[in-house]
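K.L.:
What follows is work_32.txt; its format and atoms are compact mmCIF, C-alpha atoms and all ligand atoms.
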```
# COMPACT_ATOMS: atom_id res chain seq x y z
CA MET A 1 -28.61 18.13 -31.64
CA ASP A 2 -26.01 20.21 -29.79
CA VAL A 3 -24.59 18.71 -26.62
CA ILE A 4 -22.13 20.28 -24.21
CA VAL A 5 -20.01 18.05 -22.00
CA ILE A 6 -18.80 19.86 -18.91
CA GLY A 7 -15.49 18.29 -17.93
CA GLY A 8 -12.89 16.75 -20.22
CA GLY A 9 -11.81 13.96 -17.87
CA ALA A 10 -12.21 10.20 -18.08
CA SER A 11 -16.00 9.94 -18.19
CA GLY A 12 -16.55 13.11 -20.23
CA LEU A 13 -14.15 12.03 -22.97
CA VAL A 14 -15.83 8.64 -23.39
CA ALA A 15 -19.31 10.19 -23.33
CA ALA A 16 -18.24 12.74 -25.98
CA ILE A 17 -16.86 10.03 -28.30
CA LYS A 18 -19.97 7.88 -28.01
CA MET A 19 -22.33 10.84 -28.56
CA ARG A 20 -20.46 12.06 -31.62
CA GLU A 21 -20.55 8.53 -33.03
CA ALA A 22 -24.31 8.63 -32.46
CA GLY A 23 -24.51 11.81 -34.56
CA ALA A 24 -24.65 14.65 -32.00
CA ASN A 25 -22.68 17.89 -32.34
CA VAL A 26 -20.49 17.76 -29.26
CA THR A 27 -18.50 20.43 -27.45
CA ILE A 28 -16.36 19.66 -24.39
CA ILE A 29 -15.71 22.53 -21.99
CA GLU A 30 -12.73 21.84 -19.72
CA LYS A 31 -11.45 24.27 -17.11
CA ASN A 32 -7.82 23.11 -17.36
CA ASN A 33 -5.69 24.06 -20.32
CA LYS A 34 -5.43 20.38 -21.23
CA LEU A 35 -7.85 17.45 -21.44
CA GLY A 36 -7.59 14.55 -18.98
CA LYS A 37 -5.05 16.10 -16.60
CA LYS A 38 -6.04 13.76 -13.76
CA LEU A 39 -5.76 10.73 -16.02
CA LEU A 40 -2.05 11.42 -16.36
CA VAL A 41 -1.41 10.95 -12.63
CA THR A 42 -3.48 7.79 -12.24
CA GLY A 43 -1.72 4.62 -11.18
CA ASN A 44 1.44 6.63 -10.42
CA GLY A 45 1.55 7.74 -14.04
CA HIS A 46 0.93 4.21 -15.38
CA CYS A 47 -2.91 4.44 -15.43
CA ASN A 48 -4.48 1.36 -13.93
CA PHE A 49 -7.54 1.69 -16.13
CA TRP A 50 -9.44 -1.56 -15.48
CA ASN A 51 -9.37 -4.75 -13.44
CA LYS A 52 -9.71 -8.34 -14.56
CA ASN A 53 -11.58 -9.26 -11.39
CA GLN A 54 -14.69 -7.22 -11.97
CA ASP A 55 -16.83 -7.60 -8.89
CA ILE A 56 -19.71 -5.44 -7.79
CA ASN A 57 -18.44 -5.67 -4.20
CA LYS A 58 -15.43 -3.58 -5.16
CA TYR A 59 -17.78 -0.61 -5.57
CA HIS A 60 -19.61 1.47 -2.97
CA SER A 61 -22.77 3.55 -3.17
CA ASN A 62 -25.71 4.37 -0.95
CA ASP A 63 -27.94 2.87 -3.62
CA MET A 64 -26.26 -0.39 -4.58
CA ASP A 65 -29.31 -1.82 -6.39
CA ILE A 66 -29.34 1.09 -8.81
CA PHE A 67 -25.57 0.93 -9.14
CA LYS A 68 -25.83 -2.78 -10.04
CA GLU A 69 -28.16 -2.00 -12.91
CA ILE A 70 -25.81 0.69 -14.25
CA TYR A 71 -22.71 -1.47 -13.86
CA GLU A 72 -24.16 -4.59 -15.42
CA ALA A 73 -25.33 -2.73 -18.52
CA LYS A 74 -21.84 -1.95 -19.77
CA ASN A 75 -18.98 -3.53 -17.81
CA LYS A 76 -18.42 -6.22 -20.44
CA GLU A 77 -17.80 -3.60 -23.15
CA VAL A 78 -15.00 -1.57 -21.59
CA LEU A 79 -12.03 -3.57 -22.86
CA ASP A 80 -13.58 -3.77 -26.31
CA PHE A 81 -13.91 0.03 -26.34
CA PHE A 82 -10.19 0.47 -25.59
CA ASP A 83 -9.28 -2.30 -27.99
CA LYS A 84 -11.06 -0.38 -30.77
CA LEU A 85 -9.15 2.77 -29.80
CA GLY A 86 -5.95 0.79 -30.33
CA ILE A 87 -4.84 0.21 -26.75
CA VAL A 88 -2.72 -2.87 -26.13
CA TYR A 89 -2.80 -3.65 -22.45
CA LYS A 90 -0.74 -5.40 -19.83
CA GLU A 91 -2.19 -7.24 -16.83
CA ILE A 92 -0.31 -7.27 -13.53
CA ASN A 93 -2.06 -9.25 -10.76
CA GLY A 94 -5.44 -8.48 -12.32
CA TYR A 95 -4.69 -4.75 -12.71
CA TYR A 96 -4.82 -3.54 -16.36
CA TYR A 97 -2.41 -0.89 -17.66
CA PRO A 98 -1.59 0.29 -21.16
CA TYR A 99 1.30 -1.86 -22.43
CA SER A 100 3.50 1.26 -22.55
CA MET A 101 2.87 1.67 -18.79
CA GLN A 102 2.29 5.35 -19.63
CA ALA A 103 -0.98 6.99 -18.65
CA SER A 104 -0.42 9.32 -21.60
CA SER A 105 -1.13 6.38 -23.96
CA ILE A 106 -4.71 6.14 -22.67
CA LEU A 107 -5.17 9.89 -22.86
CA ARG A 108 -3.66 10.13 -26.35
CA VAL A 109 -5.92 7.46 -27.89
CA LEU A 110 -8.93 9.30 -26.48
CA GLU A 111 -7.63 12.68 -27.70
CA VAL A 112 -6.87 11.33 -31.19
CA LYS A 113 -10.37 9.91 -31.48
CA ILE A 114 -11.88 13.19 -30.32
CA GLN A 115 -9.89 15.06 -32.92
CA LYS A 116 -10.76 12.61 -35.73
CA LEU A 117 -14.47 12.77 -34.88
CA GLY A 118 -14.40 16.58 -35.05
CA ILE A 119 -15.52 17.14 -31.46
CA ASN A 120 -15.14 20.79 -30.40
CA VAL A 121 -12.90 21.30 -27.40
CA VAL A 122 -12.89 24.49 -25.33
CA LEU A 123 -10.00 24.61 -22.87
CA GLY A 124 -9.31 26.95 -19.97
CA GLU A 125 -12.94 27.92 -19.28
CA THR A 126 -14.71 27.09 -16.04
CA VAL A 127 -18.46 26.60 -16.15
CA LYS A 128 -20.00 28.83 -13.49
CA LYS A 129 -23.72 28.51 -14.13
CA ILE A 130 -26.18 26.32 -15.99
CA SER A 131 -29.78 27.28 -16.55
CA LYS A 132 -32.56 25.80 -18.59
CA SER A 133 -35.60 27.20 -20.34
CA THR A 134 -36.40 25.24 -23.51
CA ILE A 135 -32.67 25.01 -24.14
CA PHE A 136 -29.67 25.07 -21.81
CA GLN A 137 -27.56 28.14 -21.23
CA ILE A 138 -24.02 27.50 -20.01
CA VAL A 139 -22.09 30.43 -18.59
CA THR A 140 -18.33 30.12 -18.18
CA ASP A 141 -15.90 32.68 -16.79
CA SER A 142 -15.53 34.15 -20.28
CA ASN A 143 -18.38 33.01 -22.57
CA THR A 144 -22.00 31.90 -22.80
CA TYR A 145 -23.04 28.83 -24.77
CA ILE A 146 -26.41 27.33 -25.63
CA CYS A 147 -27.22 23.69 -26.31
CA ASP A 148 -30.01 21.11 -26.33
CA LYS A 149 -28.48 18.71 -23.82
CA VAL A 150 -25.78 18.86 -21.13
CA VAL A 151 -23.53 16.16 -19.73
CA MET A 152 -22.12 16.83 -16.27
CA ALA A 153 -18.79 15.01 -16.13
CA VAL A 154 -17.14 17.31 -13.60
CA GLY A 155 -15.59 14.61 -11.39
CA SER A 156 -15.01 15.17 -7.70
CA LYS A 157 -12.72 17.25 -5.51
CA ALA A 158 -10.33 14.36 -4.87
CA GLY A 159 -6.69 15.01 -5.63
CA ILE A 160 -7.13 18.73 -6.17
CA ARG A 161 -6.31 21.54 -3.81
CA GLU A 162 -9.58 23.38 -4.19
CA GLY A 163 -12.77 23.20 -6.16
CA GLY A 164 -15.25 20.57 -7.08
CA SER A 165 -18.28 21.61 -9.07
CA TYR A 166 -21.00 20.14 -6.88
CA SER A 167 -22.78 23.49 -6.58
CA LEU A 168 -23.60 23.32 -10.32
CA VAL A 169 -25.67 20.17 -9.79
CA GLU A 170 -27.14 21.40 -6.51
CA ASP A 171 -28.30 24.59 -8.26
CA LEU A 172 -30.15 22.38 -10.72
CA GLY A 173 -32.06 20.74 -7.87
CA HIS A 174 -29.96 17.63 -7.19
CA THR A 175 -29.12 16.46 -3.69
CA LEU A 176 -25.82 15.02 -2.56
CA ILE A 177 -24.84 12.13 -0.38
CA GLN A 178 -22.17 13.69 1.85
CA VAL A 179 -18.91 13.92 -0.10
CA SER A 180 -15.86 12.59 1.78
CA PRO A 181 -12.29 11.78 0.79
CA SER A 182 -11.73 8.12 -0.09
CA LEU A 183 -8.75 5.98 -1.13
CA VAL A 184 -6.79 8.09 1.29
CA GLN A 185 -4.46 7.74 4.28
CA LEU A 186 -5.76 7.32 7.84
CA VAL A 187 -4.76 9.70 10.63
CA GLY A 188 -4.57 8.25 14.16
CA LYS A 189 -5.44 9.60 17.60
CA ASP A 190 -2.20 8.73 19.38
CA ASN A 191 1.16 10.41 19.71
CA TYR A 192 3.74 7.72 18.97
CA TYR A 193 3.54 7.68 15.17
CA LYS A 194 6.87 9.51 14.65
CA ASP A 195 8.54 6.44 16.18
CA TRP A 196 7.32 4.10 13.44
CA ALA A 197 7.49 6.53 10.50
CA GLY A 198 9.09 4.99 7.41
CA VAL A 199 8.30 1.34 8.17
CA ARG A 200 6.62 -0.79 5.50
CA SER A 201 5.29 -4.16 6.53
CA GLU A 202 2.91 -6.80 5.23
CA ALA A 203 -0.12 -7.06 7.52
CA LYS A 204 -3.74 -8.09 7.75
CA LEU A 205 -6.17 -5.35 8.70
CA LYS A 206 -9.61 -5.42 10.29
CA LEU A 207 -11.74 -2.29 10.47
CA ILE A 208 -13.72 -2.50 13.72
CA GLN A 209 -16.68 -0.45 14.86
CA GLY A 210 -17.82 -1.39 18.37
CA ALA A 211 -17.56 -5.17 18.34
CA GLU A 212 -18.27 -5.53 14.65
CA VAL A 213 -15.67 -6.21 11.95
CA ILE A 214 -16.79 -4.01 9.06
CA LYS A 215 -14.13 -4.79 6.48
CA GLU A 216 -10.93 -6.80 6.17
CA GLU A 217 -7.95 -6.13 3.94
CA ALA A 218 -4.39 -7.42 3.58
CA GLY A 219 -1.26 -6.00 2.00
CA GLU A 220 1.65 -3.69 2.64
CA VAL A 221 0.99 -1.08 5.32
CA GLN A 222 3.09 2.06 5.31
CA PHE A 223 3.55 3.41 8.84
CA THR A 224 3.84 7.19 8.79
CA ASP A 225 4.21 10.09 11.23
CA TYR A 226 0.45 10.75 11.14
CA GLY A 227 -0.84 7.15 10.97
CA ILE A 228 -1.07 4.52 8.26
CA SER A 229 -1.13 4.39 4.46
CA GLY A 230 -0.90 1.87 1.62
CA ILE A 231 -3.40 0.31 -0.81
CA CYS A 232 -4.97 -1.93 1.85
CA VAL A 233 -5.47 1.14 4.08
CA PHE A 234 -6.94 3.12 1.17
CA ASN A 235 -9.45 0.35 0.62
CA LEU A 236 -10.75 0.83 4.18
CA SER A 237 -10.86 4.61 3.95
CA GLY A 238 -14.19 5.02 2.13
CA ILE A 239 -16.04 3.21 4.90
CA VAL A 240 -14.00 5.07 7.50
CA ALA A 241 -15.06 8.42 6.03
CA ARG A 242 -18.72 7.40 5.94
CA SER A 243 -18.63 6.09 9.54
CA LEU A 244 -16.76 9.09 10.91
CA ALA A 245 -19.39 11.34 9.34
CA LEU A 246 -21.86 9.50 11.57
CA GLU A 247 -19.54 10.07 14.56
CA LYS A 248 -18.72 6.38 14.96
CA GLU A 249 -15.58 5.30 16.88
CA LEU A 250 -13.30 3.19 14.70
CA VAL A 251 -10.25 1.03 15.26
CA VAL A 252 -8.06 -0.69 12.69
CA GLU A 253 -6.65 -3.91 14.11
CA ILE A 254 -3.30 -4.61 12.48
CA ASN A 255 -1.99 -8.18 12.51
CA LEU A 256 1.77 -7.61 12.38
CA VAL A 257 2.57 -11.31 12.09
CA SER A 258 0.30 -12.10 9.16
CA TRP A 259 2.97 -14.43 7.76
CA PHE A 260 2.19 -16.87 10.61
CA LYS A 261 0.01 -19.68 9.32
CA GLY A 262 -2.07 -20.65 12.30
CA SER A 263 -4.30 -19.39 15.07
CA LYS A 264 -3.51 -16.83 17.74
CA SER A 265 -3.01 -19.55 20.38
CA GLU A 266 -0.67 -21.41 18.01
CA PHE A 267 1.28 -18.19 17.53
CA GLU A 268 1.54 -17.84 21.31
CA LYS A 269 2.99 -21.37 21.52
CA TRP A 270 5.39 -20.56 18.70
CA LEU A 271 6.55 -17.50 20.64
CA ASP A 272 6.99 -19.58 23.81
CA ASN A 273 9.18 -22.02 21.89
CA ARG A 274 11.17 -19.17 20.41
CA ALA A 275 11.77 -17.84 23.92
CA LEU A 276 13.13 -21.26 24.93
CA GLU A 277 15.33 -21.39 21.86
CA PHE A 278 16.73 -17.90 22.52
CA LYS A 279 16.65 -18.02 26.30
CA ASN A 280 19.66 -15.75 26.74
CA TYR A 281 18.15 -13.04 24.55
CA GLY A 282 16.42 -9.88 25.72
CA ILE A 283 12.87 -9.38 24.37
CA GLU A 284 13.97 -6.90 21.68
CA GLU A 285 16.61 -9.32 20.39
CA MET A 286 14.04 -12.11 20.37
CA LEU A 287 11.55 -10.15 18.25
CA GLU A 288 14.05 -8.72 15.79
CA GLY A 289 14.04 -11.75 13.50
CA PHE A 290 10.46 -11.11 12.39
CA LEU A 291 9.52 -7.51 13.19
CA ASN A 292 10.94 -4.15 12.12
CA TYR A 293 12.98 -2.61 14.97
CA LYS A 294 10.87 0.59 14.93
CA LEU A 295 7.69 -1.42 15.45
CA ILE A 296 9.37 -3.37 18.26
CA LYS A 297 10.29 -0.10 19.99
CA VAL A 298 6.71 1.22 19.71
CA ILE A 299 5.21 -1.99 21.09
CA LEU A 300 7.65 -2.25 23.99
CA LYS A 301 7.14 1.43 24.84
CA LEU A 302 3.34 1.04 24.84
CA LEU A 303 3.58 -2.08 26.99
CA LYS A 304 6.17 -0.39 29.22
CA ILE A 305 8.57 -3.29 28.75
CA LYS A 306 12.34 -2.73 28.90
CA GLU A 307 14.18 -3.81 25.75
CA ASP A 308 16.45 -6.21 27.62
CA ALA A 309 13.65 -7.75 29.73
CA LYS A 310 13.33 -11.54 29.49
CA TYR A 311 10.25 -13.04 27.82
CA GLN A 312 9.30 -15.04 30.93
CA ASP A 313 9.20 -11.82 33.02
CA ILE A 314 6.93 -9.72 30.80
CA ASP A 315 3.19 -9.29 30.17
CA LYS A 316 3.09 -12.09 27.58
CA LYS A 317 -0.60 -11.70 26.79
CA GLY A 318 -0.18 -7.98 26.12
CA LEU A 319 2.67 -8.69 23.72
CA VAL A 320 0.78 -11.40 21.82
CA ASP A 321 -2.29 -9.14 21.59
CA MET A 322 -0.24 -6.30 20.14
CA LEU A 323 1.50 -8.48 17.59
CA TRP A 324 -1.72 -10.22 16.59
CA SER A 325 -4.09 -7.25 16.64
CA PHE A 326 -2.35 -3.92 17.20
CA LYS A 327 -5.08 -1.35 17.79
CA PHE A 328 -4.78 1.76 15.64
CA ARG A 329 -7.35 4.30 16.86
CA VAL A 330 -8.71 6.25 13.90
CA LYS A 331 -9.09 10.00 14.26
CA ASN A 332 -9.72 10.96 10.66
CA THR A 333 -8.82 10.50 7.02
CA LYS A 334 -6.37 12.79 5.26
CA ASP A 335 -8.07 15.57 3.27
CA PHE A 336 -9.46 15.76 -0.28
CA SER A 337 -6.18 16.87 -1.81
CA ASN A 338 -4.59 13.57 -0.68
CA ALA A 339 -7.50 11.40 -1.78
CA GLN A 340 -7.74 9.49 -5.07
CA VAL A 341 -11.54 9.61 -5.12
CA CYS A 342 -14.54 10.86 -3.16
CA SER A 343 -17.27 8.80 -1.64
CA GLY A 344 -20.72 10.36 -1.92
CA GLY A 345 -22.05 12.62 -4.68
CA VAL A 346 -25.33 12.91 -6.55
CA ARG A 347 -27.82 10.30 -5.35
CA LEU A 348 -28.35 7.50 -7.86
CA THR A 349 -32.08 7.68 -7.09
CA GLU A 350 -32.03 11.01 -8.96
CA VAL A 351 -30.96 9.55 -12.33
CA ASN A 352 -32.50 7.08 -14.73
CA PRO A 353 -30.17 4.06 -14.39
CA LYS A 354 -30.70 3.07 -18.04
CA THR A 355 -29.59 6.43 -19.49
CA LEU A 356 -28.10 8.40 -16.56
CA GLU A 357 -30.42 11.26 -17.48
CA SER A 358 -31.32 13.42 -14.52
CA LEU A 359 -34.79 12.85 -13.09
CA LYS A 360 -34.77 16.51 -11.99
CA VAL A 361 -33.87 18.25 -15.25
CA LYS A 362 -34.76 16.77 -18.63
CA GLY A 363 -31.81 16.77 -21.03
CA LEU A 364 -29.22 16.84 -18.24
CA TYR A 365 -27.03 13.72 -17.92
CA LEU A 366 -24.50 12.82 -15.21
CA CYS A 367 -21.52 10.49 -15.37
CA GLY A 368 -18.33 9.63 -13.47
CA GLU A 369 -17.35 10.52 -9.96
CA VAL A 370 -19.88 13.31 -9.50
CA LEU A 371 -22.32 10.45 -8.89
CA ASP A 372 -22.47 8.60 -5.58
CA VAL A 373 -20.21 5.71 -6.63
CA ASP A 374 -16.64 4.97 -5.57
CA GLY A 375 -14.49 1.91 -5.95
CA ASP A 376 -11.55 0.18 -4.31
CA CYS A 377 -8.01 0.56 -5.63
CA GLY A 378 -7.36 -1.48 -8.75
CA GLY A 379 -8.85 0.37 -11.72
CA TYR A 380 -12.43 0.32 -10.46
CA ASN A 381 -12.85 4.09 -10.34
CA LEU A 382 -11.75 4.67 -13.89
CA GLY A 383 -13.87 1.60 -14.60
CA PHE A 384 -16.97 3.43 -13.44
CA ALA A 385 -15.96 6.56 -15.36
CA TRP A 386 -15.78 4.53 -18.62
CA ILE A 387 -18.99 2.59 -17.94
CA SER A 388 -21.04 5.66 -17.02
CA GLY A 389 -19.58 7.73 -19.88
CA MET A 390 -20.55 5.01 -22.36
CA ILE A 391 -24.10 4.80 -21.03
CA VAL A 392 -24.65 8.54 -21.35
CA GLY A 393 -23.08 8.62 -24.80
CA GLU A 394 -25.17 5.79 -26.14
CA HIS A 395 -28.48 7.15 -24.80
CA ILE A 396 -28.17 10.81 -25.67
CA ASN A 397 -30.65 10.40 -28.53
CA ASP A 398 -33.28 8.58 -26.43
C1 LIG B 1 -3.60 10.59 -7.74
C2 LIG B 1 -4.75 9.79 -8.30
C3 LIG B 1 -4.50 8.53 -8.79
C4 LIG B 1 -5.56 7.76 -9.29
N1 LIG B 1 -5.29 6.52 -9.80
C5 LIG B 1 -6.30 5.76 -10.29
C6 LIG B 1 -6.04 4.51 -10.90
O1 LIG B 1 -4.89 4.09 -11.07
N2 LIG B 1 -7.10 3.77 -11.31
C7 LIG B 1 -8.40 4.22 -11.20
O2 LIG B 1 -9.32 3.50 -11.58
N3 LIG B 1 -8.67 5.44 -10.68
C8 LIG B 1 -7.65 6.22 -10.25
N4 LIG B 1 -7.93 7.47 -9.75
C9 LIG B 1 -9.34 7.95 -9.75
C10 LIG B 1 -9.75 8.41 -11.16
O3 LIG B 1 -8.80 9.28 -11.68
C11 LIG B 1 -11.12 9.11 -11.11
O4 LIG B 1 -12.05 8.28 -10.46
C12 LIG B 1 -11.61 9.45 -12.52
O5 LIG B 1 -10.72 10.28 -13.18
C13 LIG B 1 -13.00 10.08 -12.46
O6 LIG B 1 -13.39 10.45 -13.76
P1 LIG B 1 -14.39 11.67 -13.97
O7 LIG B 1 -14.57 11.82 -15.43
O8 LIG B 1 -15.58 11.52 -13.12
O9 LIG B 1 -13.61 12.91 -13.39
P2 LIG B 1 -12.23 13.57 -13.83
O10 LIG B 1 -11.40 12.60 -14.56
O11 LIG B 1 -11.69 14.20 -12.61
O12 LIG B 1 -12.68 14.69 -14.86
C14 LIG B 1 -13.47 15.80 -14.48
C15 LIG B 1 -13.04 16.97 -15.32
O13 LIG B 1 -13.98 18.02 -15.18
C16 LIG B 1 -13.27 19.25 -15.15
N5 LIG B 1 -14.17 20.23 -14.48
C17 LIG B 1 -14.61 20.17 -13.20
N6 LIG B 1 -15.43 21.21 -12.95
C18 LIG B 1 -15.50 21.96 -14.10
C19 LIG B 1 -16.16 23.15 -14.46
N7 LIG B 1 -16.95 23.81 -13.60
N8 LIG B 1 -15.98 23.64 -15.72
C20 LIG B 1 -15.18 22.97 -16.62
N9 LIG B 1 -14.51 21.84 -16.32
C21 LIG B 1 -14.67 21.32 -15.07
C22 LIG B 1 -12.02 18.91 -14.36
O14 LIG B 1 -10.97 19.84 -14.57
C23 LIG B 1 -11.70 17.51 -14.89
O15 LIG B 1 -10.83 17.56 -16.01
C24 LIG B 1 -6.90 8.27 -9.27
C25 LIG B 1 -7.11 9.57 -8.81
C26 LIG B 1 -6.06 10.33 -8.32
C27 LIG B 1 -6.32 11.73 -7.81
```
Could you write out this structure as structure tokens?

P.N.:
Amino acid sequence: MDVIVIGGGASGLVAAIKMREAGANVTIIEKNNKLGKKLLVTGNGHCNFWNKNQDINKYHSNDMDIFKEIYEAKNKEVLDFFDKLGIVYKEINGYYYPYSMQASSILRVLEVKIQKLGINVVLGETVKKISKSTIFQIVTDSNTYICDKVVMAVGSKAGIREGGSYSLVEDLGHTLIQVSPSLVQLVGKDNYYKDWAGVRSEAKLKLIQGAEVIKEEAGEVQFTDYGISGICVFNLSGIVARSLALEKELVVEINLVSWFKGSKSEFEKWLDNRALEFKNYGIEEMLEGFLNYKLIKVILKLLKIKEDAKYQDIDKKGLVDMLWSFKFRVKNTKDFSNAQVCSGGVRLTEVNPKTLESLKVKGLYLCGEVLDVDGDCGGYNLGFAWISGMIVGEHIND
């Protein structure tokens, strides 16, 4: 049986290896002049390829029941797969990296296996059209290929300036859940962001829609001239993108004093005591011991408080509210080229969860990010690429 894998990225490489091991003649067609280009930039070049704390709640899809079935079939086999390829790994706070801390180690073990298994690799050709009669015909910008089965492992348009191959699957009759950038920075609606640009601060975040808290995160927030960034912000961004698509108003409440162990009213008392202790200090001087000076300036400007005003003379409630739950009004996410992944993609209802074969076109299989699954930061997205690639590879003969 001849199989063509379109896309030599994370999921396509794993699918190709598994299919060849199952006896298929496999050809990978990759539009770049190198396999796994995106893999090399993952985890800032270190490749955070898996996470110890595997948890279905770290993943997002419009069809979570179907996703659960897919995920549970293979998630226990991922580390074993890499172990057999020879990868020694390092765990840092639950995040798994190759021990070398080089993404190239992950790519090389996959490439070596592909070479040893005799998998054909075609580089520098972009698939433009797929059609099916009894067999598949694959047309690239320079050649035409025929095969019995096709694996669509084309990824998403995250992290690239242009492209995405969604039209290939749409032409074959699949429908898409709206594709939006995810694991991406948030752009705000206000005009003071230049004043806090460059600040990094630990914080707790709540994503609020109306009166409802949709998701909470904690970690280092990077304050930028367009809004906010950082892993904890990225982890809110998938839901933000989905909600904005539905024209929902969103606010991220930022607790800037997340180090304080206690309630808001206890924090207010703590601040009162601090004011007594530093009674000759202006408000700016009083805040400086626990808040970055740029954030102090933004807060005082928004509250219209003079820097040398005394604590007892100011709008105390306004100050406590801002420190406890600073309201960042969300305008948008940054665009696809800034995103690590995309939310949305081919509906999971359109594939067989046991094999990932298309329910629209027999002999067509889909894996990786082209499907409507995205994960939080922490190795979950590559995690899904490996899991889905394995499933396709192991069921190609079904
Ligand atoms: C900057 C960045 C950092 C990231 N860091 C992490 C991380 O640390 N941990 C993590 O889990 N995830 C990370 N991700 C996400 C992760 O890289 C992806 O989720 C994963 O690579 C998806 O695998 P895939 O096989 O679906 O797609 P890809 O790996 O993107 O592979 C798809 C391949 O298909 C090729 N292709 C597309 N269309 C065509 C066509 N028409 N013809 C031929 N070839 C085509 C593409 O060139 C590409 O090589 C990161 C992403 C980015 C952008």

K.L.:
Give the residue list for ligand LIG 1 (chain B) at 7 Å, counting all atoms listed in the file, as a ChimeraX atom specification, sorted by chain and then by residue number.

P.N.:
/A:6-12,29-32,35-39,41-44,47-50,125-128,153-156,158-159,164-165,339-341,367-370,377-383,385

K.L.:
With C-alpha atoms retained, export the selected residues as a short mmCIF file (atom, residue, chain, number, x, y, z; two decimals), in the coordinates of the input.

P.N.:
```cif
data_model
loop_
_atom_site.label_atom_id
_atom_site.label_comp_id
_atom_site.auth_asym_id
_atom_site.auth_seq_id
_atom_site.Cartn_x
_atom_site.Cartn_y
_atom_site.Cartn_z
CA ILE A 6 -18.80 19.86 -18.91
CA GLY A 7 -15.49 18.29 -17.93
CA GLY A 8 -12.89 16.75 -20.22
CA GLY A 9 -11.81 13.96 -17.87
CA ALA A 10 -12.21 10.20 -18.08
CA SER A 11 -16.00 9.94 -18.19
CA GLY A 12 -16.55 13.11 -20.23
CA ILE A 29 -15.71 22.53 -21.99
CA GLU A 30 -12.73 21.84 -19.72
CA LYS A 31 -11.45 24.27 -17.11
CA ASN A 32 -7.82 23.11 -17.36
CA LEU A 35 -7.85 17.45 -21.44
CA GLY A 36 -7.59 14.55 -18.98
CA LYS A 37 -5.05 16.10 -16.60
CA LYS A 38 -6.04 13.76 -13.76
CA LEU A 39 -5.76 10.73 -16.02
CA VAL A 41 -1.41 10.95 -12.63
CA THR A 42 -3.48 7.79 -12.24
CA GLY A 43 -1.72 4.62 -11.18
CA ASN A 44 1.44 6.63 -10.42
CA CYS A 47 -2.91 4.44 -15.43
CA ASN A 48 -4.48 1.36 -13.93
CA PHE A 49 -7.54 1.69 -16.13
CA TRP A 50 -9.44 -1.56 -15.48
CA GLU A 125 -12.94 27.92 -19.28
CA THR A 126 -14.71 27.09 -16.04
CA VAL A 127 -18.46 26.60 -16.15
CA LYS A 128 -20.00 28.83 -13.49
CA ALA A 153 -18.79 15.01 -16.13
CA VAL A 154 -17.14 17.31 -13.60
CA GLY A 155 -15.59 14.61 -11.39
CA SER A 156 -15.01 15.17 -7.70
CA ALA A 158 -10.33 14.36 -4.87
CA GLY A 159 -6.69 15.01 -5.63
CA GLY A 164 -15.25 20.57 -7.08
CA SER A 165 -18.28 21.61 -9.07
CA ALA A 339 -7.50 11.40 -1.78
CA GLN A 340 -7.74 9.49 -5.07
CA VAL A 341 -11.54 9.61 -5.12
CA CYS A 367 -21.52 10.49 -15.37
CA GLY A 368 -18.33 9.63 -13.47
CA GLU A 369 -17.35 10.52 -9.96
CA VAL A 370 -19.88 13.31 -9.50
CA CYS A 377 -8.01 0.56 -5.63
CA GLY A 378 -7.36 -1.48 -8.75
CA GLY A 379 -8.85 0.37 -11.72
CA TYR A 380 -12.43 0.32 -10.46
CA ASN A 381 -12.85 4.09 -10.34
CA LEU A 382 -11.75 4.67 -13.89
CA GLY A 383 -13.87 1.60 -14.60
CA ALA A 385 -15.96 6.56 -15.36
#
```

K.L.:
Which residues are close to Leu291 (chain A), i.e. within 12 Å by all atoms listed in the file, leaving aside same-chain residues fewer than 5 positions away? Reply as number ranges by chain.

P.N.:
A: 196, 199-203, 255-259, 283-286, 296-299, 323

K.L.:
Give the answer as one residue: which of A:Ile254, A:Val240, A:Ile135, A:Leu13 has the shortest atom-to-atom distance to Gln185 (chain A), using only C-alpha atoms?

P.N.:
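Closest to Gln185 (chain A) of all the choices is A:Val240.
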
K.L.:
Box along x, y and z, 5 Å on every side, all listed atoms of region 213-231 of chain A inside: centre and edge lengths in Å to one decimal, as JSON.

P.N.:
```
{"center_x": -6.3, "center_y": 1.7, "center_z": 5.6, "size_x": 31.0, "size_y": 28.2, "size_z": 22.8}
```

K.L.:
Could you check which of A:Lys149, A:Lys362, A:Lys331, A:Lys294 is closest to Asp190 (chain A), using only C-alpha atoms?

P.N.:
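Between A:Lys149, A:Lys362, A:Lys331, A:Lys294, the residue approaching Asp190 (chain A) most closely is A:Lys331.
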
K.L.:
Which of these residues is nearest to Ile70 (chain A), using all atoms listed in the file: A:Ala22, A:Val392, A:Leu186, A:Ala275?

P.N.:
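Ranking A:Ala22, A:Val392, A:Leu186, A:Ala275 by distance to Ile70 (chain A), first place goes to A:Val392.
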
K.L.:
Would you kindly return, as a list in words, each protein, DNA or RNA residue with an atom no farther than 12 Å from any atom of Leu302 (chain A), considering all atoms listed in the file and excluding same-chain residues fewer than 3 positions away?

P.N.:
Asp190, Asn191, Tyr192, Tyr193, Asp195, Leu295, Ile296, Lys297, Val298, Ile299, Ile305, Lys306, Glu307, Asp315, Gly318, Leu319, Met322, Phe326 and Lys327 of chain A

K.L.:
Which protein, DNA or RNA residues have an atom at most 7 Å from (-10.9, -0.5, 13.5), counting all atoms listed in the file? List them as a short mmCIF file (atom, residue, chain, number, x, y, z; two decimals) with C-alpha atoms, in the coordinates of the input.

P.N.:
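Final output, saved to part_6.cif:
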```cif
data_model
loop_
_atom_site.label_atom_id
_atom_site.label_comp_id
_atom_site.auth_asym_id
_atom_site.auth_seq_id
_atom_site.Cartn_x
_atom_site.Cartn_y
_atom_site.Cartn_z
CA LYS A 206 -9.61 -5.42 10.29
CA LEU A 207 -11.74 -2.29 10.47
CA ILE A 208 -13.72 -2.50 13.72
CA GLN A 209 -16.68 -0.45 14.86
CA LEU A 250 -13.30 3.19 14.70
CA VAL A 251 -10.25 1.03 15.26
CA VAL A 252 -8.06 -0.69 12.69
CA GLU A 253 -6.65 -3.91 14.11
CA PHE A 328 -4.78 1.76 15.64
CA ARG A 329 -7.35 4.30 16.86
#
```
